[in-house]
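> Here it is: the structure, laid out below.
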Amino acid sequence: MRVLLVEDEVRLAENVRRGLNAEGFVVDVVHNGDDGLFNAEVNDYDVVVLDIMLPGLNGYEVCRRMRAARVWTPVLMLTAKDGEYDQADALDLGADDYLTKPFSFIVLVARLRALIRRGGPIRPAVLEAGDLTLDPASRTVRRAGDELSLTPREFGVLQFLMRHRGDVVSKTDILESVWDANYEGDDNVVEVYVGYLRRKIDQPYGRHAIETVRGAGYRLEVGGG
Ligand code: CA
């Protein structure tokens with residue numbers, strides 16, 4: 001697993017690099033936004049850890065330009081509590097997750113692993129199944145042109161189903177992708193969320209996009225139901 005760490009605080013960057021190495025990650029460290037953008041565009045990383053306040057291009061600008069250049073490597077942003085920007089900005093600008101400084105190293109590693117599991121390095125800007133669309137960058141879902149309001153968990157389940165549209169996915173697949181790796185509850189929670197989703201994306205439109213495949217899991221119809 002190859003990580004690009006863009007962080008101008010040299011001591012912090014070095015500590016994170018050492019810790020990630022010990023966890024089996026290969027880490028490239030750069031200390032300004034311009035080098036971050038350059039590396040993200042020319043190399044293949046599984047994930048980019050991007051500080052916001054950086055010399056040269058700031059983290060938001062790096063993320064925005066990466067996405068504009070169609071580089072879909074998952075990005076985890078490091079935000080400061082008293083920063084000029086907040087987490088919502090990070091997600092709006094195409095980051096996949098964020099951590100507020102100071103952060104726990106254990107949490108950082110868990111989040112990076114989750115991001116790597118969740119997203120391949122290449123993904124379309126917008127996922128489509130008929131007139132159902134999901135935009136991971138802006139975190140919006142539309143059905144027949146209407147913008148739907150989904151909770152983060154509903155969004156995660158739908159995103160997973162849409163990434164695997166046409167394929168049968170098990171409850172365990174969904175649970176492992178959308179819930180924390182340490183989640184110890186029962187996988188019936190997936191059924192509950194599929195029910196919530198059906199009430200938002202299917203029932204009001206008379207559709208049946210999410211099919212239950214008995215004994216196996218669920219399949220999202222390629223045509224959107
Ligand atoms: Ca900084």
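Starting from 1 in every chain, residues are counted up; chains themselves are A, B, ... following the order of the structure tokens, and ligands are numbered from 1 as listed.
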List as a PyMOL selection string the protein and nucleic acid residues near range 151-154 of chain A, meaning an atom at most 7 Å away when only C-alpha atoms are counted, but skip any in the same chain fewer than 4 places from it.
chain A and resi 158+193+197
> What residues of the protein or nucleic acid chains come within 6 Å of ligand 1 when you use only C-alpha atoms and all ligand atoms? Reply as an MDAnalysis selection string.
chainID A and resid 7:9 51 53:54
> What's the 7 Å shell around Val178 in chain A, counting only C-alpha atoms, without same-chain residues fewer than 4 positions away, as a list in words?
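In the requested format, the answer is Gly156, Val157 and Ile174 of chain A.
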> Range 73-80 of chain A: which residues within 6 Å, counting only C-alpha atoms, same-chain residues fewer than 2 positions away excluded, as an MDAnalysis selection string?
chainID A and resid 47:51 71 82:83 95:101 121
> With N, CA, C and O atoms kept, could you save the residues just selected as an mmCIF file, in the first residue's frame?

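Written output follows (selection_20.cif):
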```cif
data_model
loop_
_atom_site.group_PDB
_atom_site.id
_atom_site.type_symbol
_atom_site.label_atom_id
_atom_site.label_comp_id
_atom_site.auth_asym_id
_atom_site.auth_seq_id
_atom_site.Cartn_x
_atom_site.Cartn_y
_atom_site.Cartn_z
ATOM 1 N N VAL A 47 -3.596 5.939 -1.523
ATOM 2 C CA VAL A 47 -4.278 6.983 -0.760
ATOM 3 C C VAL A 47 -3.330 8.173 -0.590
ATOM 4 O O VAL A 47 -2.112 7.996 -0.577
ATOM 5 N N VAL A 48 -3.930 9.374 -0.507
ATOM 6 C CA VAL A 48 -3.149 10.590 -0.274
ATOM 7 C C VAL A 48 -3.602 11.209 1.046
ATOM 8 O O VAL A 48 -4.798 11.367 1.277
ATOM 9 N N VAL A 49 -2.643 11.522 1.922
ATOM 10 C CA VAL A 49 -2.944 12.236 3.168
ATOM 11 C C VAL A 49 -2.498 13.673 2.947
ATOM 12 O O VAL A 49 -1.331 13.930 2.650
ATOM 13 N N LEU A 50 -3.468 14.583 3.043
ATOM 14 C CA LEU A 50 -3.228 15.942 2.581
ATOM 15 C C LEU A 50 -3.531 16.947 3.683
ATOM 16 O O LEU A 50 -4.677 17.069 4.123
ATOM 17 N N ASP A 51 -2.498 17.658 4.120
ATOM 18 C CA ASP A 51 -2.714 18.737 5.083
ATOM 19 C C ASP A 51 -3.358 19.900 4.328
ATOM 20 O O ASP A 51 -3.237 20.000 3.106
ATOM 21 N N VAL A 71 -7.699 12.543 -11.346
ATOM 22 C CA VAL A 71 -6.948 11.651 -10.460
ATOM 23 C C VAL A 71 -7.881 11.342 -9.300
ATOM 24 O O VAL A 71 -8.254 12.231 -8.541
ATOM 25 N N ASP A 82 -9.305 25.140 14.341
ATOM 26 C CA ASP A 82 -9.475 26.592 14.272
ATOM 27 C C ASP A 82 -9.192 27.099 12.856
ATOM 28 O O ASP A 82 -8.949 28.263 12.651
ATOM 29 N N GLY A 83 -9.225 26.190 11.927
ATOM 30 C CA GLY A 83 -8.866 26.571 10.558
ATOM 31 C C GLY A 83 -9.897 27.481 9.916
ATOM 32 O O GLY A 83 -11.004 27.646 10.402
ATOM 33 N N ALA A 95 -12.449 15.598 -1.244
ATOM 34 C CA ALA A 95 -11.768 14.695 -0.317
ATOM 35 C C ALA A 95 -12.736 13.566 0.049
ATOM 36 O O ALA A 95 -13.948 13.724 -0.047
ATOM 37 N N ASP A 96 -12.189 12.419 0.433
ATOM 38 C CA ASP A 96 -13.030 11.275 0.757
ATOM 39 C C ASP A 96 -13.263 11.154 2.252
ATOM 40 O O ASP A 96 -14.196 10.497 2.690
ATOM 41 N N ASP A 97 -12.372 11.746 3.018
ATOM 42 C CA ASP A 97 -12.499 11.672 4.469
ATOM 43 C C ASP A 97 -11.614 12.776 5.043
ATOM 44 O O ASP A 97 -10.849 13.408 4.321
ATOM 45 N N TYR A 98 -11.767 13.021 6.337
ATOM 46 C CA TYR A 98 -10.927 14.032 6.964
ATOM 47 C C TYR A 98 -10.648 13.617 8.396
ATOM 48 O O TYR A 98 -11.371 12.805 8.982
ATOM 49 N N LEU A 99 -9.579 14.166 8.939
ATOM 50 C CA LEU A 99 -9.239 13.961 10.341
ATOM 51 C C LEU A 99 -8.861 15.326 10.887
ATOM 52 O O LEU A 99 -8.177 16.094 10.221
ATOM 53 N N THR A 100 -9.328 15.603 12.101
ATOM 54 C CA THR A 100 -9.001 16.883 12.710
ATOM 55 C C THR A 100 -7.728 16.738 13.534
ATOM 56 O O THR A 100 -7.580 15.786 14.290
ATOM 57 N N LYS A 101 -6.823 17.682 13.346
ATOM 58 C CA LYS A 101 -5.582 17.685 14.129
ATOM 59 C C LYS A 101 -5.867 18.232 15.524
ATOM 60 O O LYS A 101 -6.664 19.169 15.630
ATOM 61 N N PRO A 121 -8.216 2.917 -7.306
ATOM 62 C CA PRO A 121 -7.579 4.152 -7.741
ATOM 63 C C PRO A 121 -8.284 4.836 -8.909
ATOM 64 O O PRO A 121 -8.137 6.021 -9.086
#
```
> Please report, as a count of residues only, each residue of range 6-219 of chain A to which DSSP assigns strand (DSSP E) when run on this structure's backbone.
45
> Rank nothing, just name the residue among A:Tyr196, A:Trp72, A:Tyr218, A:Tyr60 nearest to Lys171 in chain A, using only C-alpha atoms.
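Comparing A:Tyr196, A:Trp72, A:Tyr218, A:Tyr60 against Lys171 in chain A, the winner is A:Tyr218.
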> Between A:Arg113, A:Lys200, A:Val42, A:Asp187, which residue has the minimum interatomic distance to Val141 in chain A, considering only C-alpha atoms?
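With only C-alpha atoms as the atom set, the closest residue is A:Lys200.
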